[in-house]
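Have a look at final-v7.cif; it's mmCIF, C-alpha atoms and all ligand atoms:
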```
data_final
#
loop_
_atom_site.group_PDB
_atom_site.id
_atom_site.type_symbol
_atom_site.label_atom_id
_atom_site.label_comp_id
_atom_site.auth_asym_id
_atom_site.auth_seq_id
_atom_site.Cartn_x
_atom_site.Cartn_y
_atom_site.Cartn_z
ATOM 1 C CA MET U 1 8.364 21.902 -23.555
ATOM 2 C CA GLN U 2 4.753 21.182 -24.249
ATOM 3 C CA VAL U 3 2.675 20.920 -21.113
ATOM 4 C CA THR U 4 -0.477 18.847 -21.500
ATOM 5 C CA ALA U 5 -3.174 18.417 -18.881
ATOM 6 C CA GLU U 6 -1.856 14.926 -18.385
ATOM 7 C CA SER U 7 1.756 15.836 -17.750
ATOM 8 C CA ALA U 8 0.836 18.886 -15.667
ATOM 9 C CA ARG U 9 -0.842 16.658 -13.144
ATOM 10 C CA PRO U 10 1.470 15.490 -10.354
ATOM 11 C CA PRO U 11 1.714 11.786 -9.661
ATOM 12 C CA VAL U 12 -0.601 10.551 -6.909
ATOM 13 C CA VAL U 13 2.452 9.418 -4.964
ATOM 14 C CA ARG U 14 5.929 10.744 -5.585
ATOM 15 C CA VAL U 15 8.831 9.309 -3.653
ATOM 16 C CA HIS U 16 11.975 11.321 -4.301
ATOM 17 C CA LYS U 17 15.448 10.216 -3.234
ATOM 18 C CA LEU U 18 14.038 8.727 -0.055
ATOM 19 C CA VAL U 19 16.562 7.718 2.585
ATOM 20 C CA LYS U 20 15.599 5.828 5.731
ATOM 21 C CA ARG U 21 18.094 4.799 8.399
ATOM 22 C CA TYR U 22 17.768 2.656 11.471
ATOM 23 C CA GLY U 23 20.750 3.732 13.522
ATOM 24 C CA GLY U 24 23.718 3.399 11.192
ATOM 25 C CA PHE U 25 21.891 1.006 8.854
ATOM 26 C CA GLU U 26 20.477 2.393 5.634
ATOM 27 C CA ALA U 27 17.216 0.569 4.949
ATOM 28 C CA LEU U 28 16.299 2.817 1.987
ATOM 29 C CA ARG U 29 19.112 4.273 -0.101
ATOM 30 C CA SER U 30 17.733 7.029 -2.279
ATOM 31 C CA VAL U 31 14.534 5.475 -3.556
ATOM 32 C CA THR U 32 12.684 7.371 -6.281
ATOM 33 C CA LEU U 33 9.266 6.228 -7.452
ATOM 34 C CA ASP U 34 6.282 7.940 -9.069
ATOM 35 C CA VAL U 35 2.873 6.326 -8.981
ATOM 36 C CA HIS U 36 0.257 7.817 -11.283
ATOM 37 C CA GLU U 37 -3.514 7.771 -11.105
ATOM 38 C CA GLY U 38 -4.879 4.293 -11.808
ATOM 39 C CA GLU U 39 -1.515 2.584 -11.686
ATOM 40 C CA VAL U 40 -1.012 -0.607 -9.726
ATOM 41 C CA VAL U 41 2.600 -0.928 -8.673
ATOM 42 C CA ALA U 42 3.777 -4.261 -7.315
ATOM 43 C CA ILE U 43 6.876 -4.105 -5.138
ATOM 44 C CA ILE U 44 8.846 -7.316 -5.034
ATOM 45 C CA GLY U 45 12.258 -8.278 -3.706
ATOM 46 C CA PRO U 46 14.072 -10.451 -1.197
ATOM 47 C CA SER U 47 13.449 -10.328 2.524
ATOM 48 C CA GLY U 48 15.056 -7.281 4.106
ATOM 49 C CA SER U 49 15.244 -5.326 0.850
ATOM 50 C CA GLY U 50 13.176 -2.456 2.263
ATOM 51 C CA LYS U 51 9.722 -3.127 0.805
ATOM 52 C CA SER U 52 7.809 -2.743 4.066
ATOM 53 C CA THR U 53 9.984 0.188 5.079
ATOM 54 C CA LEU U 54 9.039 1.954 1.845
ATOM 55 C CA ALA U 55 5.319 1.272 2.392
ATOM 56 C CA ARG U 56 5.585 2.392 6.017
ATOM 57 C CA CYS U 57 7.384 5.596 5.055
ATOM 58 C CA ILE U 58 4.713 6.423 2.452
ATOM 59 C CA HIS U 59 2.034 5.714 5.058
ATOM 60 C CA GLN U 60 3.747 8.118 7.455
ATOM 61 C CA LEU U 61 4.490 5.476 10.042
ATOM 62 C CA GLU U 62 8.214 6.252 9.928
ATOM 63 C CA SER U 63 10.243 9.436 10.029
ATOM 64 C CA ILE U 64 12.560 9.818 7.046
ATOM 65 C CA ASP U 65 16.225 10.784 6.884
ATOM 66 C CA GLY U 66 16.461 12.200 3.398
ATOM 67 C CA GLY U 67 14.459 12.978 0.302
ATOM 68 C CA ALA U 68 10.725 13.558 0.302
ATOM 69 C CA ILE U 69 7.346 11.960 -0.277
ATOM 70 C CA TYR U 70 4.454 13.772 -1.945
ATOM 71 C CA LEU U 71 0.784 12.952 -2.271
ATOM 72 C CA ASP U 72 -0.901 14.768 -5.166
ATOM 73 C CA GLY U 73 1.990 17.202 -5.078
ATOM 74 C CA GLU U 74 1.720 17.898 -1.352
ATOM 75 C CA LEU U 75 4.749 17.175 0.814
ATOM 76 C CA LEU U 76 3.920 14.505 3.393
ATOM 77 C CA GLY U 77 4.989 14.605 7.015
ATOM 78 C CA TYR U 78 6.964 17.796 6.775
ATOM 79 C CA ARG U 79 6.678 21.451 5.973
ATOM 80 C CA ARG U 80 9.317 23.384 4.134
ATOM 81 C CA TYR U 81 10.807 26.406 5.924
ATOM 82 C CA GLY U 82 13.236 28.013 3.503
ATOM 83 C CA GLY U 83 15.643 25.234 2.702
ATOM 84 C CA HIS U 84 14.739 23.158 5.737
ATOM 85 C CA LEU U 85 12.128 20.544 6.439
ATOM 86 C CA ARG U 86 10.308 20.594 9.734
ATOM 87 C CA ALA U 87 8.252 17.613 10.879
ATOM 88 C CA LEU U 88 4.502 18.215 11.045
ATOM 89 C CA GLY U 89 2.634 17.573 14.295
ATOM 90 C CA GLU U 90 0.614 14.435 14.990
ATOM 91 C CA ARG U 91 -2.697 15.970 13.960
ATOM 92 C CA ALA U 92 -1.459 17.264 10.641
ATOM 93 C CA VAL U 93 0.137 13.897 9.892
ATOM 94 C CA ALA U 94 -3.103 12.115 10.787
ATOM 95 C CA GLN U 95 -4.956 14.412 8.359
ATOM 96 C CA GLN U 96 -2.584 13.472 5.555
ATOM 97 C CA ARG U 97 -2.645 9.778 6.419
ATOM 98 C CA ARG U 98 -6.418 9.696 5.849
ATOM 99 C CA HIS U 99 -5.733 9.810 2.134
ATOM 100 C CA LEU U 100 -3.478 6.746 2.298
ATOM 101 C CA GLY U 101 -5.246 3.457 2.931
ATOM 102 C CA MET U 102 -3.114 0.646 4.244
ATOM 103 C CA VAL U 103 -3.767 -3.078 4.502
ATOM 104 C CA PHE U 104 -1.201 -4.982 6.517
ATOM 105 C CA GLN U 105 -0.138 -8.600 6.613
ATOM 106 C CA GLN U 106 -2.004 -9.116 9.881
ATOM 107 C CA PHE U 107 -5.651 -8.176 9.601
ATOM 108 C CA VAL U 108 -6.239 -5.632 12.311
ATOM 109 C CA LEU U 109 -9.953 -5.454 12.989
ATOM 110 C CA PHE U 110 -11.718 -4.365 16.161
ATOM 111 C CA PRO U 111 -12.711 -7.683 17.782
ATOM 112 C CA HIS U 112 -15.653 -6.201 19.709
ATOM 113 C CA LEU U 113 -17.253 -4.656 16.622
ATOM 114 C CA THR U 114 -19.231 -6.420 13.902
ATOM 115 C CA VAL U 115 -17.987 -6.470 10.328
ATOM 116 C CA GLU U 116 -20.261 -3.586 9.408
ATOM 117 C CA GLU U 117 -19.307 -1.594 12.511
ATOM 118 C CA ASN U 118 -15.637 -2.100 11.693
ATOM 119 C CA VAL U 119 -16.181 -0.556 8.281
ATOM 120 C CA ILE U 120 -18.334 2.438 9.334
ATOM 121 C CA GLU U 121 -16.193 3.375 12.334
ATOM 122 C CA GLY U 122 -13.546 5.406 10.455
ATOM 123 C CA PRO U 123 -15.893 7.243 8.086
ATOM 124 C CA ILE U 124 -18.136 8.336 10.971
ATOM 125 C CA ARG U 125 -15.425 9.221 13.475
ATOM 126 C CA VAL U 126 -12.749 10.607 11.152
ATOM 127 C CA LEU U 127 -14.552 11.762 7.998
ATOM 128 C CA GLY U 128 -17.702 12.921 9.781
ATOM 129 C CA ASP U 129 -20.034 10.861 7.568
ATOM 130 C CA SER U 130 -23.580 10.363 8.863
ATOM 131 C CA PRO U 131 -24.242 6.857 10.212
ATOM 132 C CA SER U 132 -26.794 6.194 7.473
ATOM 133 C CA ASP U 133 -24.405 7.259 4.676
ATOM 134 C CA ALA U 134 -21.549 5.304 6.231
ATOM 135 C CA THR U 135 -23.729 2.216 6.557
ATOM 136 C CA LYS U 136 -24.918 2.455 2.967
ATOM 137 C CA ARG U 137 -21.344 2.715 1.704
ATOM 138 C CA ALA U 138 -20.136 -0.038 4.019
ATOM 139 C CA ARG U 139 -22.750 -2.444 2.703
ATOM 140 C CA HIS U 140 -21.816 -1.599 -0.855
ATOM 141 C CA LEU U 141 -18.108 -2.148 -0.146
ATOM 142 C CA LEU U 142 -18.684 -5.357 1.775
ATOM 143 C CA GLY U 143 -20.741 -6.606 -1.151
ATOM 144 C CA ARG U 144 -17.857 -5.763 -3.436
ATOM 145 C CA VAL U 145 -15.443 -7.892 -1.399
ATOM 146 C CA GLY U 146 -17.986 -10.745 -1.277
ATOM 147 C CA LEU U 147 -19.121 -10.356 2.327
ATOM 148 C CA ALA U 148 -22.678 -9.083 1.978
ATOM 149 C CA ASP U 149 -23.853 -11.972 4.142
ATOM 150 C CA LYS U 150 -21.409 -11.269 7.004
ATOM 151 C CA LEU U 151 -22.402 -7.749 8.026
ATOM 152 C CA GLN U 152 -23.384 -8.715 11.554
ATOM 153 C CA ALA U 153 -20.638 -11.280 12.158
ATOM 154 C CA TYR U 154 -17.743 -10.611 14.527
ATOM 155 C CA PRO U 155 -14.150 -10.907 13.287
ATOM 156 C CA GLN U 156 -13.429 -14.091 15.225
ATOM 157 C CA GLN U 157 -16.328 -15.774 13.416
ATOM 158 C CA LEU U 158 -14.600 -15.217 10.063
ATOM 159 C CA SER U 159 -11.795 -16.995 8.247
ATOM 160 C CA GLY U 160 -8.480 -15.209 7.779
ATOM 161 C CA GLY U 161 -9.308 -14.499 4.147
ATOM 162 C CA GLN U 162 -12.680 -13.044 5.094
ATOM 163 C CA GLN U 163 -11.089 -10.900 7.806
ATOM 164 C CA GLN U 164 -8.549 -9.600 5.329
ATOM 165 C CA ARG U 165 -11.367 -8.723 2.916
ATOM 166 C CA VAL U 166 -13.073 -6.771 5.724
ATOM 167 C CA ALA U 167 -9.762 -4.967 6.276
ATOM 168 C CA ILE U 168 -9.720 -4.037 2.582
ATOM 169 C CA ALA U 169 -13.330 -2.787 2.746
ATOM 170 C CA ARG U 170 -12.445 -0.794 5.845
ATOM 171 C CA ALA U 171 -9.488 0.836 4.121
ATOM 172 C CA LEU U 172 -11.637 1.629 1.043
ATOM 173 C CA ALA U 173 -14.373 3.126 3.226
ATOM 174 C CA MET U 174 -11.990 5.988 4.004
ATOM 175 C CA ARG U 175 -11.967 6.863 0.278
ATOM 176 C CA PRO U 176 -8.186 6.958 0.090
ATOM 177 C CA ARG U 177 -6.333 8.412 -2.910
ATOM 178 C CA VAL U 178 -4.087 5.386 -2.878
ATOM 179 C CA LEU U 179 -4.248 1.998 -1.237
ATOM 180 C CA LEU U 180 -1.073 0.408 0.113
ATOM 181 C CA PHE U 181 -0.809 -3.297 0.764
ATOM 182 C CA ASP U 182 2.046 -4.933 2.638
ATOM 183 C CA GLU U 183 1.982 -8.661 1.858
ATOM 184 C CA PRO U 184 -1.788 -8.873 2.361
ATOM 185 C CA THR U 185 -1.848 -12.634 1.846
ATOM 186 C CA SER U 186 1.299 -13.868 3.542
ATOM 187 C CA ALA U 187 -0.395 -14.620 6.871
ATOM 188 C CA LEU U 188 -3.161 -16.628 5.196
ATOM 189 C CA ASP U 189 -3.585 -20.330 4.699
ATOM 190 C CA PRO U 190 -2.740 -21.117 1.072
ATOM 191 C CA GLU U 191 -6.322 -21.920 0.103
ATOM 192 C CA LEU U 192 -7.444 -18.443 1.252
ATOM 193 C CA VAL U 193 -4.842 -16.478 -0.684
ATOM 194 C CA GLY U 194 -6.797 -16.545 -3.952
ATOM 195 C CA GLU U 195 -9.960 -14.928 -2.609
ATOM 196 C CA VAL U 196 -8.009 -11.939 -1.271
ATOM 197 C CA LEU U 197 -5.916 -11.550 -4.434
ATOM 198 C CA ASP U 198 -9.145 -11.683 -6.462
ATOM 199 C CA VAL U 199 -10.452 -8.692 -4.527
ATOM 200 C CA VAL U 200 -7.207 -6.768 -5.047
ATOM 201 C CA GLY U 201 -7.314 -7.707 -8.747
ATOM 202 C CA ASP U 202 -10.901 -6.418 -9.024
ATOM 203 C CA LEU U 203 -9.831 -3.105 -7.496
ATOM 204 C CA ALA U 204 -6.960 -2.919 -9.963
ATOM 205 C CA ARG U 205 -9.323 -3.421 -12.895
ATOM 206 C CA ALA U 206 -11.621 -0.762 -11.441
ATOM 207 C CA GLY U 207 -8.739 1.707 -11.690
ATOM 208 C CA LYS U 208 -7.862 2.123 -8.020
ATOM 209 C CA THR U 209 -4.367 3.491 -7.531
ATOM 210 C CA MET U 210 -2.452 0.924 -5.505
ATOM 211 C CA ILE U 211 0.989 0.003 -4.252
ATOM 212 C CA VAL U 212 1.171 -3.669 -3.421
ATOM 213 C CA VAL U 213 4.122 -5.258 -1.657
ATOM 214 C CA THR U 214 3.831 -8.914 -2.542
ATOM 215 C CA HIS U 215 5.740 -12.110 -3.063
ATOM 216 C CA GLU U 216 2.950 -13.453 -5.283
ATOM 217 C CA ILE U 217 4.698 -13.107 -8.625
ATOM 218 C CA GLY U 218 1.760 -14.538 -10.581
ATOM 219 C CA PHE U 219 -0.489 -11.927 -9.050
ATOM 220 C CA ALA U 220 2.003 -9.152 -9.850
ATOM 221 C CA ARG U 221 2.102 -10.323 -13.460
ATOM 222 C CA GLU U 222 -1.692 -10.433 -13.811
ATOM 223 C CA ALA U 223 -2.868 -7.483 -11.762
ATOM 224 C CA ALA U 224 -0.062 -4.937 -11.634
ATOM 225 C CA SER U 225 0.641 -2.375 -14.315
ATOM 226 C CA ARG U 226 4.209 -1.947 -13.148
ATOM 227 C CA VAL U 227 6.613 -3.966 -11.090
ATOM 228 C CA VAL U 228 9.397 -2.575 -8.923
ATOM 229 C CA PHE U 229 12.176 -4.886 -7.801
ATOM 230 C CA MET U 230 14.073 -3.851 -4.689
ATOM 231 C CA GLU U 231 17.264 -5.165 -3.254
ATOM 232 C CA ALA U 232 19.310 -3.852 -0.331
ATOM 233 C CA GLY U 233 17.317 -0.645 -0.007
ATOM 234 C CA ARG U 234 17.421 0.274 -3.686
ATOM 235 C CA ILE U 235 15.204 -0.103 -6.720
ATOM 236 C CA VAL U 236 17.265 -2.352 -8.946
ATOM 237 C CA GLU U 237 14.817 -2.733 -11.812
ATOM 238 C CA GLU U 238 11.342 -1.561 -12.730
ATOM 239 C CA GLY U 239 9.094 -1.710 -15.727
ATOM 240 C CA PRO U 240 5.768 -2.926 -17.103
ATOM 241 C CA ALA U 241 4.764 -5.976 -15.059
ATOM 242 C CA HIS U 242 4.354 -8.425 -17.908
ATOM 243 C CA THR U 243 7.550 -7.738 -19.803
ATOM 244 C CA THR U 244 9.719 -7.135 -16.754
ATOM 245 C CA LEU U 245 8.737 -10.426 -15.159
ATOM 246 C CA ALA U 246 8.906 -12.344 -18.430
ATOM 247 C CA ALA U 247 12.259 -10.922 -19.488
ATOM 248 C CA PRO U 248 14.171 -9.198 -16.691
ATOM 249 C CA ARG U 249 16.990 -6.910 -17.776
ATOM 250 C CA THR U 250 19.134 -7.419 -14.695
ATOM 251 C CA GLU U 251 20.824 -10.586 -13.542
ATOM 252 C CA ARG U 252 19.644 -9.741 -10.009
ATOM 253 C CA LEU U 253 15.967 -9.888 -10.886
ATOM 254 C CA ARG U 254 16.490 -12.971 -13.032
ATOM 255 C CA THR U 255 18.122 -14.764 -10.086
ATOM 256 C CA PHE U 256 15.405 -13.606 -7.697
ATOM 257 C CA LEU U 257 12.624 -14.837 -9.965
ATOM 258 C CA SER U 258 14.300 -18.190 -10.512
ATOM 259 C CA ARG U 259 14.333 -18.658 -6.728
ATOM 260 C CA VAL U 260 10.750 -17.652 -6.007
ATOM 261 C CA ILE U 261 8.855 -19.092 -8.970
HETATM 262 N N1 LIG O 1 12.410 -0.869 13.264
HETATM 263 C C1 LIG O 1 13.566 -1.299 12.717
HETATM 264 N N2 LIG O 1 14.739 -1.178 13.360
HETATM 265 C C2 LIG O 1 15.896 -1.589 12.802
HETATM 266 N N3 LIG O 1 15.990 -2.122 11.577
HETATM 267 C C3 LIG O 1 14.864 -2.269 10.884
HETATM 268 C C4 LIG O 1 13.595 -1.856 11.400
HETATM 269 N N4 LIG O 1 12.645 -2.134 10.479
HETATM 270 C C5 LIG O 1 13.302 -2.686 9.430
HETATM 271 N N5 LIG O 1 14.623 -2.762 9.673
HETATM 272 C C6 LIG O 1 15.629 -3.290 8.758
HETATM 273 O O1 LIG O 1 15.497 -2.663 7.503
HETATM 274 C C7 LIG O 1 15.674 -3.589 6.440
HETATM 275 C C8 LIG O 1 14.465 -3.580 5.548
HETATM 276 O O2 LIG O 1 13.375 -4.140 6.268
HETATM 277 P P1 LIG O 1 11.944 -4.326 5.629
HETATM 278 O O3 LIG O 1 11.047 -4.790 6.708
HETATM 279 O O4 LIG O 1 11.569 -3.092 4.916
HETATM 280 O O5 LIG O 1 12.224 -5.487 4.578
HETATM 281 P P2 LIG O 1 11.197 -6.219 3.620
HETATM 282 O O6 LIG O 1 11.702 -6.040 2.234
HETATM 283 O O7 LIG O 1 9.820 -5.781 3.913
HETATM 284 O O8 LIG O 1 11.401 -7.756 4.039
HETATM 285 P P3 LIG O 1 10.310 -8.962 4.157
HETATM 286 O O9 LIG O 1 10.138 -9.483 2.771
HETATM 287 O O10 LIG O 1 11.000 -9.952 5.042
HETATM 288 O O11 LIG O 1 9.069 -8.420 4.758
HETATM 289 C C9 LIG O 1 15.948 -4.936 7.098
HETATM 290 O O12 LIG O 1 17.328 -5.178 7.126
HETATM 291 C C10 LIG O 1 15.412 -4.769 8.497
HETATM 292 O O13 LIG O 1 16.120 -5.555 9.405
HETATM 293 MG MG MG O 2 8.106 -6.718 4.679
#
```

How does this structure look as structure tokens?
Amino acid sequence: MQVTAESARPPVVRVHKLVKRYGGFEALRSVTLDVHEGEVVAIIGPSGSGKSTLARCIHQLESIDGGAIYLDGELLGYRRYGGHLRALGERAVAQQRRHLGMVFQQFVLFPHLTVEENVIEGPIRVLGDSPSDATKRARHLLGRVGLADKLQAYPQQLSGGQQQRVAIARALAMRPRVLLFDEPTSALDPELVGEVLDVVGDLARAGKTMIVVTHEIGFAREAASRVVFMEAGRIVEEGPAHTTLAAPRTERLRTFLSRVI
């Protein structure tokens, strides 16, 4: 087999035969997914299909019951001892999680900090950036998400869409290898959805590696390179976003799309 520089490089995120149970219920049933540098993977599927569980497992917010997750080839959350996996301690997990940015449905900003302070907090405290470097980067990122004029505002003075854009800037400020989104627009008023999706679309065009759980099929078609359709804890179909959404191979995805579009 010919090994090129390209193929020798591990995927940014590799999910291999991931199993997640809640009690006797299997929320993820052997999910395998590779996400390569610069890819934008949209995860779609009906409610309860395991989309958030998958994002939460990748972000190390959940223990796993089978399989493995790797970031740049490094096993996440566990260390291998012979044939066994042993869970890493809190600190080691926190170290790994730094490389995984996550933006949730509910914008979680510090209410007592300004927009700018929200964005510089992580880089200073966790990455050890100097306040002046962190501030310079924060201003750049806030400009990128269209909030250059809101640096000194407090979260409660912003709209939901603006708060979510601060949350995206805050996640980016940690310079993550990959950015995970779990339905970043589903808590927003309809007229604010577009401004947040525009920011995510800009990041996609800039080549940021992202995994986006979304029910915005139009967005998935336009911004994602690949779409993954989940049902009942499994990946039922995946492929290039445009063709997969235009002409699904499985009846399941066809039915799903006819319901949501
Ligand atoms: N903490 C938990 N305890 C027990 N069951 C859970 C837990 N979290 C999720 N589940 C179950 O796992 C399944 C997958 O849930 P998940 O939240 O991943 O679905 P989802 O695809 O994100 O759905 P939605 O589109 O509604 O957000 C569901 O049946 C859910 O009830
Ligand atoms: Mg969910």

Review point. Which residues sit within 8 Å of ligand MG 2 (chain O), counting only C-alpha atoms and all ligand atoms, listed as a ChimeraX atom specification?
Key: /U:47-48,50-53,182-183,213

Review point. Any chance you could work out the residue set of the PyMOL selection byres (((not hetatm)) within 10 of (chain O and resi 1)) here, as a ChimeraX atom specification?
Key: /U:20-28,43-57,62,105,182-183,186,213-215,230-233

Check which residues of range 104-169 of chain U sit at most 7 Å from range 193-210 of chain U using all atoms listed in the file, and return one row each with the closest pair of atoms and their distance in Å to one decimal, ordered by chain and rising number, as a tab-separated table.
```
residue	atom	partner	partner_atom	distance
U:Val145	CA	U:Val199	CA	5.9
U:Gly161	CA	U:Val196	CA	6.1
U:Arg165	CA	U:Val196	CA	6.3
```

Practice item. Quick one: pull the distance between CA of Asp133 in chain U and CA of Ala92 in chain U, Å, one decimal. Key: 25.7 Å

Please return, as an mmCIF file with C-alpha atoms, in the coordinates of the input, all polymer residues that have at least one atom within 8 Å of the point (-8.0, -11.8, 8.2); use only C-alpha atoms and the file's own coordinate frame.
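Final file, out_0.cif:
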```
data_model
loop_
_atom_site.group_PDB
_atom_site.id
_atom_site.type_symbol
_atom_site.label_atom_id
_atom_site.label_comp_id
_atom_site.auth_asym_id
_atom_site.auth_seq_id
_atom_site.Cartn_x
_atom_site.Cartn_y
_atom_site.Cartn_z
ATOM 1 C CA GLN U 106 -2.004 -9.116 9.881
ATOM 2 C CA PHE U 107 -5.651 -8.176 9.601
ATOM 3 C CA VAL U 108 -6.239 -5.632 12.311
ATOM 4 C CA LEU U 158 -14.600 -15.217 10.063
ATOM 5 C CA SER U 159 -11.795 -16.995 8.247
ATOM 6 C CA GLY U 160 -8.480 -15.209 7.779
ATOM 7 C CA GLY U 161 -9.308 -14.499 4.147
ATOM 8 C CA GLN U 162 -12.680 -13.044 5.094
ATOM 9 C CA GLN U 163 -11.089 -10.900 7.806
ATOM 10 C CA GLN U 164 -8.549 -9.600 5.329
ATOM 11 C CA ARG U 165 -11.367 -8.723 2.916
ATOM 12 C CA VAL U 166 -13.073 -6.771 5.724
ATOM 13 C CA ALA U 167 -9.762 -4.967 6.276
ATOM 14 C CA LEU U 188 -3.161 -16.628 5.196
#
```

Point to revise | Best match for closeness to Ser132 in chain U among U:Glu90, U:Glu237, U:Glu117, U:Asp34, counting only C-alpha atoms | key: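 Of the candidates, the smallest distance to Ser132 in chain U is held by U:Glu117.
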
**Study point:** Distance in Å - CA of Val126 in chain U versus CA of Leu76 in chain U
**Key:**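 CA of Leu76 in chain U lies 18.8 Å from CA of Val126 in chain U.
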
Check your understanding: Quick one: which residues end up in the PyMOL selection byres (((chain U and resi 243-253) around 10) and not hetatm) for this structure, as a list in words?
Key ->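 Evaluating the PyMOL selection byres (((chain U and resi 243-253) around 10) and not hetatm) on these coordinates yields Ile44, Gly45, Pro46, Ile217, Gly218, Ala220, Arg221, Arg226, Val227, Val228, Phe229, Met230, Glu231, Val236, Glu237, Glu238, Gly239, Pro240, Ala241, His242, Arg254, Thr255, Phe256, Leu257, Ser258 and Arg259 of chain U.
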
**Study point:** Two-atom distance - CA of Leu127 in chain U, CA of Val41 in chain U (Å)
**Key:**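 For CA of Leu127 in chain U relative to CA of Val41 in chain U, the distance reads 27.1 Å.
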
Check your understanding: Nearest to Tyr78 in chain U among U:Ala224, U:Gly66, U:Ile261, U:Ile120, with distances taken over only C-alpha atoms: which residue is it?
Key ->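 Selected residue with least distance to Tyr78 in chain U: U:Gly66.
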
Exercise for review: Compare U:Ser30, U:Val212, U:His16, U:Arg9 by their minimum atom-to-atom distance to Arg234 in chain U, counting only C-alpha atoms, and give me the closest one.
Suggested key: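 Smallest distance to Arg234 in chain U is found for U:Ser30.
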
Review point. So which residues touch Leu100 in chain U within 6 Å, counting only C-alpha atoms, skipping near sequence neighbours fewer than 3 positions away, as a list in words?
Key: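 Contacts, in chain order: Arg97, Pro176, Val178 and Leu179 of chain U.
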
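Minimum atom-to-atom distances from U:Gln152, U:Gly146, U:Gly77, U:Ile64 to Gln95 in chain U were compared using all atoms listed in the file, and the lowest value belongs to U:Gly77.
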
Revision key, fill the gap. Counting all atoms listed in the file, the residue among U:Val93, U:Ala87, U:Met174, U:Val31 that lies closest to Asn118 in chain U is U:Met174

Practice item. For Gly143 in chain U, please output as a ChimeraX atom specification all residues within 12 Å (counting all atoms listed in the file; exclusion window: fewer than 4 positions along the same chain). Key: /U:115-116,136-139,147-151,165-166,168-169,199

Please rebuild range 198-211 of chain U with N, CA and C atoms and return the result as an mmCIF file, in the frame of the given file.
```cif
data_model
loop_
_atom_site.group_PDB
_atom_site.id
_atom_site.type_symbol
_atom_site.label_atom_id
_atom_site.label_comp_id
_atom_site.auth_asym_id
_atom_site.auth_seq_id
_atom_site.Cartn_x
_atom_site.Cartn_y
_atom_site.Cartn_z
ATOM 1 N N ASP U 198 -8.063 -11.997 -5.523
ATOM 2 C CA ASP U 198 -9.145 -11.683 -6.462
ATOM 3 C C ASP U 198 -9.727 -10.301 -6.182
ATOM 4 N N VAL U 199 -9.901 -9.997 -4.893
ATOM 5 C CA VAL U 199 -10.452 -8.692 -4.527
ATOM 6 C C VAL U 199 -9.483 -7.581 -4.938
ATOM 7 N N VAL U 200 -8.197 -7.790 -4.670
ATOM 8 C CA VAL U 200 -7.207 -6.768 -5.047
ATOM 9 C C VAL U 200 -7.170 -6.620 -6.578
ATOM 10 N N GLY U 201 -7.283 -7.752 -7.286
ATOM 11 C CA GLY U 201 -7.314 -7.707 -8.747
ATOM 12 C C GLY U 201 -8.532 -6.948 -9.266
ATOM 13 N N ASP U 202 -9.689 -7.153 -8.633
ATOM 14 C CA ASP U 202 -10.901 -6.418 -9.024
ATOM 15 C C ASP U 202 -10.695 -4.911 -8.855
ATOM 16 N N LEU U 203 -10.078 -4.534 -7.741
ATOM 17 C CA LEU U 203 -9.831 -3.105 -7.496
ATOM 18 C C LEU U 203 -8.888 -2.544 -8.556
ATOM 19 N N ALA U 204 -7.909 -3.351 -8.934
ATOM 20 C CA ALA U 204 -6.960 -2.919 -9.963
ATOM 21 C C ALA U 204 -7.701 -2.655 -11.269
ATOM 22 N N ARG U 205 -8.578 -3.586 -11.648
ATOM 23 C CA ARG U 205 -9.323 -3.421 -12.895
ATOM 24 C C ARG U 205 -10.269 -2.235 -12.824
ATOM 25 N N ALA U 206 -10.718 -1.910 -11.600
ATOM 26 C CA ALA U 206 -11.621 -0.762 -11.441
ATOM 27 C C ALA U 206 -10.846 0.563 -11.449
ATOM 28 N N GLY U 207 -9.520 0.480 -11.544
ATOM 29 C CA GLY U 207 -8.739 1.707 -11.690
ATOM 30 C C GLY U 207 -8.251 2.340 -10.396
ATOM 31 N N LYS U 208 -8.337 1.590 -9.303
ATOM 32 C CA LYS U 208 -7.862 2.123 -8.020
ATOM 33 C C LYS U 208 -6.334 2.224 -8.052
ATOM 34 N N THR U 209 -5.823 3.327 -7.596
ATOM 35 C CA THR U 209 -4.367 3.491 -7.531
ATOM 36 C C THR U 209 -3.840 2.702 -6.332
ATOM 37 N N MET U 210 -2.897 1.800 -6.600
ATOM 38 C CA MET U 210 -2.452 0.924 -5.505
ATOM 39 C C MET U 210 -0.954 0.659 -5.569
ATOM 40 N N ILE U 211 -0.392 0.459 -4.386
ATOM 41 C CA ILE U 211 0.989 0.003 -4.252
ATOM 42 C C ILE U 211 0.912 -1.285 -3.448
#
```
